[in-house]
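Q: Contents of final-v9.pdb (PDB, C-alpha atoms) are given next:
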```
MODEL        1
ATOM      1  CA  MET A   1       7.246   4.051 -59.402
ATOM      2  CA  ASN A   2       7.055   6.940 -57.002
ATOM      3  CA  PRO A   3       6.364   5.528 -53.547
ATOM      4  CA  ILE A   4       5.065   8.823 -52.195
ATOM      5  CA  GLY A   5       2.214   8.494 -54.648
ATOM      6  CA  ASN A   6       0.998   5.450 -52.750
ATOM      7  CA  LEU A   7       0.766   7.241 -49.439
ATOM      8  CA  ASN A   8      -2.888   7.957 -48.836
ATOM      9  CA  LYS A   9      -3.589  11.631 -48.133
ATOM     10  CA  ILE A  10      -6.615  10.714 -46.042
ATOM     11  CA  PHE A  11      -4.430   8.805 -43.592
ATOM     12  CA  GLU A  12      -2.108  11.725 -42.964
ATOM     13  CA  SER A  13      -4.209  12.605 -39.933
ATOM     14  CA  ARG A  14      -3.100  10.646 -36.871
ATOM     15  CA  ILE A  15      -6.669  10.295 -35.663
ATOM     16  CA  ARG A  16      -7.922   8.864 -38.959
ATOM     17  CA  LEU A  17      -4.963   6.488 -39.028
ATOM     18  CA  GLY A  18      -5.805   5.497 -35.442
ATOM     19  CA  VAL A  19      -9.459   4.836 -36.290
ATOM     20  CA  MET A  20      -8.442   2.615 -39.192
ATOM     21  CA  SER A  21      -5.893   0.718 -37.060
ATOM     22  CA  VAL A  22      -8.517  -0.014 -34.410
ATOM     23  CA  LEU A  23     -11.065  -1.126 -36.997
ATOM     24  CA  MET A  24      -8.564  -3.385 -38.755
ATOM     25  CA  VAL A  25      -8.365  -5.622 -35.682
ATOM     26  CA  ASN A  26     -11.919  -5.208 -34.335
ATOM     27  CA  GLU A  27     -15.012  -6.237 -36.242
ATOM     28  CA  GLU A  28     -17.177  -3.436 -34.923
ATOM     29  CA  VAL A  29     -16.434  -0.582 -32.539
ATOM     30  CA  ASN A  30     -18.817   2.010 -31.131
ATOM     31  CA  PHE A  31     -18.246   5.753 -30.931
ATOM     32  CA  ASN A  32     -17.462   5.897 -27.220
ATOM     33  CA  ASP A  33     -14.898   3.103 -27.357
ATOM     34  CA  LEU A  34     -13.148   4.816 -30.267
ATOM     35  CA  LYS A  35     -13.168   8.091 -28.361
ATOM     36  CA  GLN A  36     -11.695   6.438 -25.263
ATOM     37  CA  MET A  37      -9.036   4.566 -27.218
ATOM     38  CA  LEU A  38      -7.890   7.533 -29.304
ATOM     39  CA  GLU A  39      -8.246  10.083 -26.501
ATOM     40  CA  VAL A  40     -10.039  12.688 -28.597
ATOM     41  CA  THR A  41     -13.081  14.934 -28.185
ATOM     42  CA  ASP A  42     -16.538  14.119 -29.570
ATOM     43  CA  GLY A  43     -16.519  16.801 -32.254
ATOM     44  CA  ASN A  44     -13.013  16.042 -33.413
ATOM     45  CA  LEU A  45     -13.670  12.318 -33.738
ATOM     46  CA  ALA A  46     -17.030  12.851 -35.447
ATOM     47  CA  SER A  47     -15.532  15.009 -38.187
ATOM     48  CA  HIS A  48     -12.733  12.517 -38.861
ATOM     49  CA  LEU A  49     -15.230   9.657 -38.965
ATOM     50  CA  ASN A  50     -17.280  11.658 -41.473
ATOM     51  CA  THR A  51     -14.296  12.050 -43.761
ATOM     52  CA  LEU A  52     -13.596   8.329 -43.621
ATOM     53  CA  GLU A  53     -17.234   7.492 -44.271
ATOM     54  CA  GLU A  54     -17.455   9.883 -47.236
ATOM     55  CA  ASN A  55     -14.475   8.116 -48.776
ATOM     56  CA  GLY A  56     -16.227   4.782 -48.405
ATOM     57  CA  TYR A  57     -13.735   3.395 -45.901
ATOM     58  CA  LEU A  58     -16.252   2.975 -43.075
ATOM     59  CA  LYS A  59     -19.632   1.379 -42.628
ATOM     60  CA  VAL A  60     -21.784   3.149 -40.071
ATOM     61  CA  HIS A  61     -24.525   1.378 -38.203
ATOM     62  CA  LYS A  62     -26.887   3.434 -36.077
ATOM     63  CA  GLY A  63     -28.523   1.351 -33.403
ATOM     64  CA  PHE A  64     -30.053   1.750 -29.979
ATOM     65  CA  ILE A  65     -29.296   0.403 -26.538
ATOM     66  CA  GLY A  66     -32.530   1.136 -24.732
ATOM     67  CA  ARG A  67     -33.225   4.746 -25.652
ATOM     68  CA  LYS A  68     -29.582   5.739 -26.088
ATOM     69  CA  THR A  69     -28.180   5.794 -29.557
ATOM     70  CA  ASN A  70     -25.318   3.401 -30.170
ATOM     71  CA  THR A  71     -23.447   4.095 -33.368
ATOM     72  CA  THR A  72     -20.979   1.444 -34.419
ATOM     73  CA  TYR A  73     -18.334   1.581 -37.094
ATOM     74  CA  ALA A  74     -16.792  -1.157 -39.206
ATOM     75  CA  ILE A  75     -14.199  -1.113 -41.952
ATOM     76  CA  THR A  76     -15.261  -1.665 -45.583
ATOM     77  CA  ALA A  77     -13.375  -3.770 -48.122
ATOM     78  CA  ALA A  78     -12.262  -0.535 -49.813
ATOM     79  CA  GLY A  79     -11.077   0.802 -46.464
ATOM     80  CA  GLU A  80      -9.085  -2.318 -45.763
ATOM     81  CA  LYS A  81      -7.456  -2.178 -49.174
ATOM     82  CA  ALA A  82      -6.613   1.516 -48.811
ATOM     83  CA  PHE A  83      -5.175   0.989 -45.339
ATOM     84  CA  LYS A  84      -3.013  -1.940 -46.426
ATOM     85  CA  GLY A  85      -1.775   0.073 -49.389
ATOM     86  CA  HIS A  86      -0.851   2.946 -47.100
ATOM     87  CA  LEU A  87       0.946   0.582 -44.731
ATOM     88  CA  ALA A  88       2.929  -0.981 -47.567
ATOM     89  CA  ALA A  89       3.862   2.473 -48.829
ATOM     90  CA  LEU A  90       5.086   3.505 -45.380
ATOM     91  CA  GLU A  91       7.198   0.373 -45.066
ATOM     92  CA  HIS A  92       8.536   0.812 -48.581
ATOM     93  CA  MET A  93       9.539   4.425 -47.873
ATOM     94  CA  ILE A  94      11.469   3.433 -44.777
ATOM     95  CA  LYS A  95      13.318   0.607 -46.505
ATOM     96  CA  PHE A  96      13.926   2.729 -49.579
ATOM     97  CA  THR A  97      15.629   5.596 -47.776
ATOM     98  CA  LYS A  98      17.815   3.457 -45.521
TER      99      LYS A  98
ATOM    100  CA  MET B   1       6.662  13.707 -44.624
ATOM    101  CA  THR B   2      10.067  12.698 -43.333
ATOM    102  CA  ASP B   3      11.344   9.230 -42.593
ATOM    103  CA  GLN B   4      10.954   9.886 -38.882
ATOM    104  CA  GLN B   5       7.278  10.654 -39.385
ATOM    105  CA  HIS B   6       6.744   7.464 -41.363
ATOM    106  CA  LEU B   7       8.308   5.430 -38.612
ATOM    107  CA  GLN B   8       6.151   7.259 -36.074
ATOM    108  CA  ALA B   9       3.038   6.464 -38.107
ATOM    109  CA  LEU B  10       3.929   2.770 -38.213
ATOM    110  CA  THR B  11       4.565   2.725 -34.465
ATOM    111  CA  ASP B  12       1.203   4.417 -33.890
ATOM    112  CA  ILE B  13      -0.585   1.847 -36.036
ATOM    113  CA  LYS B  14       1.020  -1.055 -34.208
ATOM    114  CA  ARG B  15       0.276   0.465 -30.805
ATOM    115  CA  MET B  16      -3.385   1.162 -31.615
ATOM    116  CA  MET B  17      -3.886  -2.331 -33.003
ATOM    117  CA  GLU B  18      -2.430  -3.926 -29.909
ATOM    118  CA  ARG B  19      -4.140  -1.626 -27.487
ATOM    119  CA  SER B  20      -7.556  -2.092 -29.040
ATOM    120  CA  SER B  21      -7.386  -5.866 -29.305
ATOM    121  CA  ARG B  22      -5.720  -7.039 -26.092
ATOM    122  CA  PHE B  23      -6.286  -6.191 -22.448
ATOM    123  CA  ILE B  24      -2.694  -5.740 -21.279
ATOM    124  CA  SER B  25      -3.253  -4.421 -17.780
ATOM    125  CA  LEU B  26      -3.817  -7.832 -16.210
ATOM    126  CA  SER B  27      -1.377  -7.847 -13.293
ATOM    127  CA  GLY B  28       0.591 -10.861 -12.095
ATOM    128  CA  LEU B  29      -0.117  -9.728  -8.551
ATOM    129  CA  SER B  30      -3.817 -10.312  -9.283
ATOM    130  CA  GLY B  31      -3.000 -13.960  -9.953
ATOM    131  CA  ILE B  32      -1.026 -14.225  -6.727
ATOM    132  CA  THR B  33      -3.905 -12.694  -4.722
ATOM    133  CA  ALA B  34      -6.383 -15.097  -6.290
ATOM    134  CA  GLY B  35      -4.043 -18.012  -5.553
ATOM    135  CA  ILE B  36      -3.609 -17.063  -1.904
ATOM    136  CA  SER B  37      -7.392 -16.681  -1.483
ATOM    137  CA  GLY B  38      -7.798 -20.112  -3.069
ATOM    138  CA  LEU B  39      -5.271 -21.743  -0.745
ATOM    139  CA  ILE B  40      -6.784 -20.181   2.385
ATOM    140  CA  GLY B  41     -10.229 -21.298   1.204
ATOM    141  CA  ALA B  42      -9.019 -24.849   0.587
ATOM    142  CA  PHE B  43      -7.410 -24.908   4.034
ATOM    143  CA  ILE B  44     -10.653 -23.840   5.756
ATOM    144  CA  ALA B  45     -12.621 -26.380   3.703
ATOM    145  CA  LYS B  46     -10.175 -29.104   4.758
ATOM    146  CA  ILE B  47     -10.776 -28.281   8.445
ATOM    147  CA  TRP B  48     -14.557 -28.347   7.986
ATOM    148  CA  LEU B  49     -14.446 -31.624   6.063
ATOM    149  CA  ASP B  50     -12.251 -33.257   8.712
ATOM    150  CA  GLU B  51     -14.666 -32.106  11.399
ATOM    151  CA  TYR B  52     -17.575 -33.510   9.445
ATOM    152  CA  TYR B  53     -15.977 -36.935   8.979
ATOM    153  CA  GLN B  54     -14.848 -37.046  12.609
ATOM    154  CA  GLN B  55     -18.424 -36.346  13.683
ATOM    155  CA  TRP B  56     -19.598 -39.138  11.414
ATOM    156  CA  ASN B  57     -17.090 -41.520  13.006
ATOM    157  CA  VAL B  58     -18.272 -40.607  16.489
ATOM    158  CA  THR B  59     -21.995 -41.003  15.846
ATOM    159  CA  GLY B  60     -21.522 -43.876  13.416
ATOM    160  CA  VAL B  61     -24.490 -42.835  11.274
ATOM    161  CA  HIS B  62     -24.768 -40.554   8.298
ATOM    162  CA  SER B  63     -26.589 -37.372   9.247
ATOM    163  CA  ASN B  64     -28.392 -35.672   6.415
ATOM    164  CA  THR B  65     -28.699 -32.370   8.285
ATOM    165  CA  ASP B  66     -24.944 -32.343   8.915
ATOM    166  CA  PHE B  67     -24.343 -33.059   5.244
ATOM    167  CA  GLN B  68     -26.690 -30.291   4.082
ATOM    168  CA  LEU B  69     -25.046 -27.872   6.521
ATOM    169  CA  LEU B  70     -21.594 -28.811   5.243
ATOM    170  CA  LYS B  71     -22.737 -28.364   1.659
ATOM    171  CA  PHE B  72     -24.134 -24.927   2.442
ATOM    172  CA  ARG B  73     -20.989 -23.852   4.323
ATOM    173  CA  LEU B  74     -18.740 -25.006   1.494
ATOM    174  CA  LEU B  75     -20.825 -23.125  -1.082
ATOM    175  CA  ALA B  76     -20.654 -19.973   1.057
ATOM    176  CA  LEU B  77     -16.900 -20.454   1.429
ATOM    177  CA  GLY B  78     -16.545 -20.829  -2.336
ATOM    178  CA  ALA B  79     -18.458 -17.588  -2.884
ATOM    179  CA  GLY B  80     -16.287 -15.858  -0.277
ATOM    180  CA  VAL B  81     -13.066 -17.049  -1.933
ATOM    181  CA  LEU B  82     -14.327 -15.920  -5.331
ATOM    182  CA  ALA B  83     -15.220 -12.474  -3.950
ATOM    183  CA  ALA B  84     -11.822 -12.083  -2.257
ATOM    184  CA  ALA B  85     -10.005 -13.160  -5.429
ATOM    185  CA  LEU B  86     -12.045 -10.744  -7.556
ATOM    186  CA  VAL B  87     -11.566  -7.769  -5.228
ATOM    187  CA  GLY B  88      -7.825  -8.366  -4.845
ATOM    188  CA  GLY B  89      -7.424  -9.181  -8.517
ATOM    189  CA  THR B  90      -9.286  -6.083  -9.636
ATOM    190  CA  PHE B  91      -7.264  -3.871  -7.318
ATOM    191  CA  PHE B  92      -3.861  -4.859  -8.722
ATOM    192  CA  THR B  93      -5.096  -4.780 -12.306
ATOM    193  CA  TRP B  94      -6.629  -1.355 -11.712
ATOM    194  CA  ARG B  95      -3.291  -0.197 -10.315
ATOM    195  CA  LYS B  96      -1.397  -1.506 -13.327
ATOM    196  CA  ALA B  97      -3.889   0.118 -15.720
ATOM    197  CA  ARG B  98      -3.388   3.432 -13.946
ATOM    198  CA  GLN B  99       0.389   3.119 -14.235
ATOM    199  CA  ASN B 100      -0.037   2.531 -17.979
ATOM    200  CA  ASN B 101      -2.464   5.460 -18.232
ATOM    201  CA  LEU B 102      -5.143   3.087 -19.490
ATOM    202  CA  SER B 103      -8.710   2.613 -18.418
ATOM    203  CA  ILE B 104      -9.547  -0.642 -16.610
ATOM    204  CA  TRP B 105     -12.960  -0.671 -18.273
ATOM    205  CA  ASP B 106     -12.643  -0.451 -22.038
ATOM    206  CA  LEU B 107     -13.405  -2.408 -25.164
ATOM    207  CA  THR B 108     -10.721  -5.015 -24.468
ATOM    208  CA  ALA B 109     -11.717  -5.510 -20.818
ATOM    209  CA  ARG B 110     -15.272  -6.138 -21.966
ATOM    210  CA  LYS B 111     -14.084  -8.690 -24.528
ATOM    211  CA  VAL B 112     -12.090 -10.570 -21.888
ATOM    212  CA  LEU B 113     -15.042 -10.625 -19.492
ATOM    213  CA  ILE B 114     -17.603 -11.722 -22.083
ATOM    214  CA  ASN B 115     -15.348 -14.491 -23.336
ATOM    215  CA  ILE B 116     -14.694 -15.745 -19.810
ATOM    216  CA  ALA B 117     -18.360 -15.435 -18.849
ATOM    217  CA  ILE B 118     -19.752 -17.638 -21.621
ATOM    218  CA  PRO B 119     -17.932 -20.908 -20.772
ATOM    219  CA  LEU B 120     -18.006 -20.075 -17.060
ATOM    220  CA  GLY B 121     -21.778 -19.528 -17.158
ATOM    221  CA  ALA B 122     -22.196 -22.848 -18.946
ATOM    222  CA  GLY B 123     -19.984 -24.442 -16.273
ATOM    223  CA  GLY B 124     -22.049 -22.883 -13.498
ATOM    224  CA  ALA B 125     -25.283 -24.245 -14.964
ATOM    225  CA  PHE B 126     -23.639 -27.646 -15.469
ATOM    226  CA  ILE B 127     -22.556 -27.717 -11.810
ATOM    227  CA  ALA B 128     -26.042 -26.694 -10.670
ATOM    228  CA  GLY B 129     -27.253 -29.752 -12.588
ATOM    229  CA  LEU B 130     -24.651 -31.962 -10.889
ATOM    230  CA  LEU B 131     -25.700 -30.729  -7.445
ATOM    231  CA  TYR B 132     -29.346 -31.276  -8.337
ATOM    232  CA  ASN B 133     -28.538 -34.904  -9.127
ATOM    233  CA  ASN B 134     -26.386 -35.312  -6.000
ATOM    234  CA  LEU B 135     -23.220 -35.790  -8.022
ATOM    235  CA  GLU B 136     -21.099 -33.662  -5.657
ATOM    236  CA  VAL B 137     -18.057 -35.731  -6.422
ATOM    237  CA  LEU B 138     -17.932 -34.301  -9.950
ATOM    238  CA  VAL B 139     -18.086 -30.652  -8.886
ATOM    239  CA  ALA B 140     -14.349 -30.071  -8.409
ATOM    240  CA  PRO B 141     -13.211 -31.558 -11.747
ATOM    241  CA  THR B 142     -16.024 -29.740 -13.577
ATOM    242  CA  CYS B 143     -15.027 -26.406 -12.013
ATOM    243  CA  LEU B 144     -11.427 -26.865 -13.130
ATOM    244  CA  VAL B 145     -12.244 -27.972 -16.680
ATOM    245  CA  PHE B 146     -14.753 -25.177 -17.370
ATOM    246  CA  TYR B 147     -12.523 -22.581 -15.721
ATOM    247  CA  GLY B 148      -9.578 -23.732 -17.825
ATOM    248  CA  LEU B 149     -11.604 -23.592 -21.034
ATOM    249  CA  ALA B 150     -12.963 -20.146 -20.109
ATOM    250  CA  ILE B 151      -9.410 -18.853 -19.679
ATOM    251  CA  ILE B 152      -8.246 -20.388 -22.959
ATOM    252  CA  ASN B 153     -11.183 -18.712 -24.664
ATOM    253  CA  ALA B 154     -10.411 -15.282 -23.166
ATOM    254  CA  SER B 155      -6.650 -15.546 -23.741
ATOM    255  CA  LYS B 156      -7.137 -14.267 -27.303
ATOM    256  CA  TYR B 157      -7.986 -10.890 -25.820
ATOM    257  CA  THR B 158      -5.343 -10.514 -23.129
ATOM    258  CA  LEU B 159      -1.738 -11.549 -22.421
ATOM    259  CA  PRO B 160      -1.176 -14.689 -24.533
ATOM    260  CA  ASP B 161       0.574 -16.421 -21.610
ATOM    261  CA  VAL B 162      -2.811 -16.817 -19.906
ATOM    262  CA  ARG B 163      -3.463 -19.620 -22.382
ATOM    263  CA  TYR B 164      -0.952 -21.906 -20.628
ATOM    264  CA  LEU B 165      -2.701 -21.368 -17.303
ATOM    265  CA  GLY B 166      -5.972 -22.394 -18.969
ATOM    266  CA  VAL B 167      -4.410 -25.531 -20.453
ATOM    267  CA  CYS B 168      -2.963 -26.530 -17.049
ATOM    268  CA  GLU B 169      -6.311 -25.989 -15.291
ATOM    269  CA  THR B 170      -8.125 -28.085 -17.891
ATOM    270  CA  ILE B 171      -5.620 -30.962 -17.660
ATOM    271  CA  LEU B 172      -5.807 -30.835 -13.874
ATOM    272  CA  GLY B 173      -9.608 -31.036 -13.987
ATOM    273  CA  ILE B 174      -9.504 -34.086 -16.241
ATOM    274  CA  LEU B 175      -6.869 -35.754 -14.039
ATOM    275  CA  ASN B 176      -9.161 -35.119 -11.086
ATOM    276  CA  LEU B 177     -11.787 -37.324 -12.746
ATOM    277  CA  PHE B 178      -9.416 -40.258 -12.301
ATOM    278  CA  PHE B 179      -8.814 -39.398  -8.642
ATOM    279  CA  LEU B 180     -12.356 -38.659  -7.530
ATOM    280  CA  ARG B 181     -12.877 -37.629  -3.888
ATOM    281  CA  LYS B 182      -9.505 -35.929  -3.935
ATOM    282  CA  GLY B 183     -11.211 -32.852  -5.375
ATOM    283  CA  LEU B 184     -10.094 -30.546  -2.609
ATOM    284  CA  TYR B 185      -6.405 -31.195  -3.311
ATOM    285  CA  PHE B 186      -6.936 -30.613  -7.027
ATOM    286  CA  TRP B 187      -8.827 -27.451  -6.158
ATOM    287  CA  ALA B 188      -5.978 -26.240  -3.952
ATOM    288  CA  VAL B 189      -3.467 -26.887  -6.736
ATOM    289  CA  GLY B 190      -5.654 -25.483  -9.541
ATOM    290  CA  PHE B 191      -7.051 -22.394  -7.886
ATOM    291  CA  GLY B 192      -4.245 -21.852  -5.374
ATOM    292  CA  LEU B 193      -0.857 -23.052  -6.507
ATOM    293  CA  LEU B 194      -1.266 -22.596 -10.279
ATOM    294  CA  HIS B 195      -2.495 -19.021  -9.831
ATOM    295  CA  ILE B 196       0.430 -18.173  -7.584
ATOM    296  CA  ILE B 197       2.976 -19.697  -9.991
ATOM    297  CA  TYR B 198       1.329 -18.050 -12.974
ATOM    298  CA  GLY B 199       1.070 -14.677 -11.192
ATOM    299  CA  ALA B 200       4.694 -14.772 -10.092
ATOM    300  CA  LEU B 201       5.889 -15.659 -13.613
ATOM    301  CA  MET B 202       3.798 -12.866 -15.134
ATOM    302  CA  TRP B 203       5.025 -10.348 -12.603
ATOM    303  CA  TRP B 204       8.597 -11.418 -13.285
ATOM    304  CA  LYS B 205       8.130 -11.185 -17.055
ATOM    305  CA  TYR B 206       6.126  -7.953 -17.401
ATOM    306  CA  GLU B 207       6.174  -5.894 -14.212
ATOM    307  CA  ARG B 208       9.447  -6.491 -12.382
ATOM    308  CA  LYS B 209      11.462  -3.807 -14.187
ATOM    309  CA  ARG B 210       8.976  -1.069 -13.493
ATOM    310  CA  THR B 211       8.793  -1.646  -9.761
ATOM    311  CA  ILE B 212      12.546  -1.775  -9.173
TER     312      ILE B 212
ENDMDL
END
```
Translate this structure into structure tokens?
A:
Amino acid sequence: MNPIGNLNKIFESRIRLGVMSVLMVNEEVNFNDLKQMLEVTDGNLASHLNTLEENGYLKVHKGFIGRKTNTTYAITAAGEKAFKGHLAALEHMIKFTK
Amino acid sequence: MTDQQHLQALTDIKRMMERSSRFISLSGLSGITAGISGLIGAFIAKIWLDEYYQQWNVTGVHSNTDFQLLKFRLLALGAGVLAAALVGGTFFTWRKARQNNLSIWDLTARKVLINIAIPLGAGGAFIAGLLYNNLEVLVAPTCLVFYGLAIINASKYTLPDVRYLGVCETILGILNLFFLRKGLYFWAVGFGLLHIIYGALMWWKYERKRTI
């Protein structure tokens, strides 16, 4: 088995990997909290979130707090599986080459 | 990708998971400040209570106006101590957050506050009920028990050591039930001494190296 094959291309971006890490340990996180935690700009984060959503790794919930929009993100079962697979592949690679 | 990059990715994952789930900026010095405020408050309360009982001895009759005044002064003192502890506590935690390049107000800070506020709010309402029924004697143990449970509840979202402080406060509150009318001493230990010990231990464990 080729371990590199298990590394998920989508998670090669540090920001996407960061989003997934945050969502693995938090049930639901809104856009601003993600932005603050990952220290990225609005546009940058939005495009990465789009990619993750298109791949079915994220659930997006658009809500309101008063009149302000409050978009929250949660991980899907597919996202969790993909992330765990990526993590295992990373660990495997490190052990394998040592 | 090289091995180095894989290791970096794993470190990033671990860091983001920790940072987004636990509020790590809680400073030990905050605990010490809260403890000192608590001790000073207990000391002032002791003076007022002694005065009140001395007055009672002199006149020989129970004065309801004196009692109401004492109750009001003690409540005001309690609010003052709480405010001092919060201001001092926030300052040192803010300072530690700045040193770590973190924000003091983020997802994790909100989680800690919400999880403290729920049991504490219930405790506050419970105590209002006690006061309404003139059960003043139960106020101190109730404060300690609810405060301890609130801390245990919030400890999932901050430094795990906080849990032990919560357990100690809860035990102290229950012990107080078996030594009623000694509430002030239990208060001084629970809100004063325990906070100082806890704060000093936390400072020693997490912050000492950075300051030296």
Q: For the ChimeraX specification (/A :<8) & /B, applied here, can you spell out every residue it catches as a PyMOL selection string?
A: chain B and resi 3+6-7+9-10+12-14+16-17+19-21+106-107
Q: Which residues, written as a PyMOL selection string, have at least one atom at most 8 Å from Leu120 (chain B), with all atoms listed in the file counted and residues fewer than 5 positions away on the same chain left out?
A: chain B and resi 146-147+150
Q: Rank nothing, just name the residue among B:Ser103, B:Asn134, B:Gln68, B:Thr2 nearest to Phe23 (chain B), using all atoms listed in the file.
A: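 Between B:Ser103, B:Asn134, B:Gln68, B:Thr2, the residue approaching Phe23 (chain B) most closely is B:Ser103.
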Q: To test the calculation: enclose all listed atoms of region 49-62 of chain A in a box whose edges run along x, y and z, add 6 Å on each side, then state centre and edge lengths in Å to one decimal, as lines of an AutoDock Vina configuration file.
A:
```
center_x = -20.2
center_y = 6.7
center_z = -42.4
size_x = 25.3
size_y = 22.7
size_z = 24.7
```
Q: Rounded to one decimal in Å, what is the spacing between CA of Ile104 (chain B) and CA of Thr170 (chain B)?
A: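 CA of Thr170 (chain B) lies 27.5 Å from CA of Ile104 (chain B).
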Q: Glu136 (chain B): which residues within 12 Å, counting all atoms listed in the file, same-chain residues fewer than 4 positions away excluded, as a ChimeraX atom specification?
A: /B:67-68,70-71,74-75,126-132,140-143,180-184
Q: Give me, as an mmCIF file with C-alpha atoms, in the coordinates of the input, all polymer residues having an atom no more than 10 Å from Leu49 (chain A), counting all atoms listed in the file and skipping those fewer than 6 positions away in the same chain.
A:
```cif
data_model
loop_
_atom_site.group_PDB
_atom_site.id
_atom_site.type_symbol
_atom_site.label_atom_id
_atom_site.label_comp_id
_atom_site.auth_asym_id
_atom_site.auth_seq_id
_atom_site.Cartn_x
_atom_site.Cartn_y
_atom_site.Cartn_z
ATOM 1 C CA ILE A 15 -6.669 10.295 -35.663
ATOM 2 C CA ARG A 16 -7.922 8.864 -38.959
ATOM 3 C CA VAL A 19 -9.459 4.836 -36.290
ATOM 4 C CA MET A 20 -8.442 2.615 -39.192
ATOM 5 C CA PHE A 31 -18.246 5.753 -30.931
ATOM 6 C CA GLY A 43 -16.519 16.801 -32.254
ATOM 7 C CA ASN A 55 -14.475 8.116 -48.776
ATOM 8 C CA TYR A 57 -13.735 3.395 -45.901
ATOM 9 C CA LEU A 58 -16.252 2.975 -43.075
ATOM 10 C CA VAL A 60 -21.784 3.149 -40.071
ATOM 11 C CA TYR A 73 -18.334 1.581 -37.094
#
```
Q: Residue by residue, what does the PyMOL selection byres ((chain B and resi 166) around 8) grab here? Present the result as a count of residues only.
A: 14
Q: Could you spell out the hits of the PyMOL selection byres ((chain B and resi 24) around 12) on the shown file, as JSON, numbers by chain?
A: {"B": [15, 18, 19, 20, 21, 22, 23, 25, 26, 27, 28, 93, 94, 96, 97, 98, 99, 100, 101, 102, 103, 104, 105, 106, 107, 108, 109, 112, 155, 156, 157, 158, 159, 160, 161, 162, 202, 206, 207]}
Q: Can you tell me how far CA of Gly35 (chain B) sits from CA of Leu49 (chain B), in Å to one decimal?
A: 20.7 Å
Q: Kindly give the distance, in Å, that separates CA of Ala154 (chain B) and CA of Arg110 (chain B), rounded to a single decimal.
A: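 Computing the Euclidean distance for CA of Ala154 (chain B) and CA of Arg110 (chain B) yields 10.4 Å.
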Q: Name all residues at most 10 Å from Ile196 (chain B) (count only C-alpha atoms; drop same-chain ones fewer than 3 positions away) and give them as a list in words.
A: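 Surrounding residues, per the criterion: Gly28, Leu29, Ser30, Gly31, Ile32, Thr33, Ala34, Gly35, Ile36, Gly38, Leu39, Val189, Gly190, Phe191, Gly192, Leu193, Gly199, Ala200, Leu201 and Met202 of chain B.
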Q: Based on the selection just made, write C-alpha atoms of those residues as an mmCIF file, in the coordinates of the input.
A:
```cif
data_model
loop_
_atom_site.group_PDB
_atom_site.id
_atom_site.type_symbol
_atom_site.label_atom_id
_atom_site.label_comp_id
_atom_site.auth_asym_id
_atom_site.auth_seq_id
_atom_site.Cartn_x
_atom_site.Cartn_y
_atom_site.Cartn_z
ATOM 1 C CA GLY B 28 0.591 -10.861 -12.095
ATOM 2 C CA LEU B 29 -0.117 -9.728 -8.551
ATOM 3 C CA SER B 30 -3.817 -10.312 -9.283
ATOM 4 C CA GLY B 31 -3.000 -13.960 -9.953
ATOM 5 C CA ILE B 32 -1.026 -14.225 -6.727
ATOM 6 C CA THR B 33 -3.905 -12.694 -4.722
ATOM 7 C CA ALA B 34 -6.383 -15.097 -6.290
ATOM 8 C CA GLY B 35 -4.043 -18.012 -5.553
ATOM 9 C CA ILE B 36 -3.609 -17.063 -1.904
ATOM 10 C CA GLY B 38 -7.798 -20.112 -3.069
ATOM 11 C CA LEU B 39 -5.271 -21.743 -0.745
ATOM 12 C CA VAL B 189 -3.467 -26.887 -6.736
ATOM 13 C CA GLY B 190 -5.654 -25.483 -9.541
ATOM 14 C CA PHE B 191 -7.051 -22.394 -7.886
ATOM 15 C CA GLY B 192 -4.245 -21.852 -5.374
ATOM 16 C CA LEU B 193 -0.857 -23.052 -6.507
ATOM 17 C CA GLY B 199 1.070 -14.677 -11.192
ATOM 18 C CA ALA B 200 4.694 -14.772 -10.092
ATOM 19 C CA LEU B 201 5.889 -15.659 -13.613
ATOM 20 C CA MET B 202 3.798 -12.866 -15.134
#
```
Q: Can you take the partial region 127-134 of chain B, add N, CA and C atoms, and return it as a PDB file, keeping the file's coordinate frame?
A:
```pdb
ATOM      1  N   ILE B 127     -22.786 -27.331 -13.208  1.00  0.00           N
ATOM      2  CA  ILE B 127     -22.556 -27.717 -11.810  1.00  0.00           C
ATOM      3  C   ILE B 127     -23.865 -27.699 -11.023  1.00  0.00           C
ATOM      4  N   ALA B 128     -24.729 -26.712 -11.327  1.00  0.00           N
ATOM      5  CA  ALA B 128     -26.042 -26.694 -10.670  1.00  0.00           C
ATOM      6  C   ALA B 128     -26.768 -28.008 -10.961  1.00  0.00           C
ATOM      7  N   GLY B 129     -26.656 -28.472 -12.207  1.00  0.00           N
ATOM      8  CA  GLY B 129     -27.253 -29.752 -12.588  1.00  0.00           C
ATOM      9  C   GLY B 129     -26.645 -30.912 -11.824  1.00  0.00           C
ATOM     10  N   LEU B 130     -25.331 -30.901 -11.644  1.00  0.00           N
ATOM     11  CA  LEU B 130     -24.651 -31.962 -10.889  1.00  0.00           C
ATOM     12  C   LEU B 130     -25.147 -31.998  -9.454  1.00  0.00           C
ATOM     13  N   LEU B 131     -25.247 -30.798  -8.840  1.00  0.00           N
ATOM     14  CA  LEU B 131     -25.700 -30.729  -7.445  1.00  0.00           C
ATOM     15  C   LEU B 131     -27.137 -31.219  -7.335  1.00  0.00           C
ATOM     16  N   TYR B 132     -27.946 -30.872  -8.319  1.00  0.00           N
ATOM     17  CA  TYR B 132     -29.346 -31.276  -8.337  1.00  0.00           C
ATOM     18  C   TYR B 132     -29.458 -32.802  -8.340  1.00  0.00           C
ATOM     19  N   ASN B 133     -28.519 -33.440  -9.044  1.00  0.00           N
ATOM     20  CA  ASN B 133     -28.538 -34.904  -9.127  1.00  0.00           C
ATOM     21  C   ASN B 133     -27.656 -35.582  -8.080  1.00  0.00           C
ATOM     22  N   ASN B 134     -27.246 -34.803  -7.083  1.00  0.00           N
ATOM     23  CA  ASN B 134     -26.386 -35.312  -6.000  1.00  0.00           C
ATOM     24  C   ASN B 134     -25.076 -35.928  -6.505  1.00  0.00           C
TER      25      ASN B 134
END
```
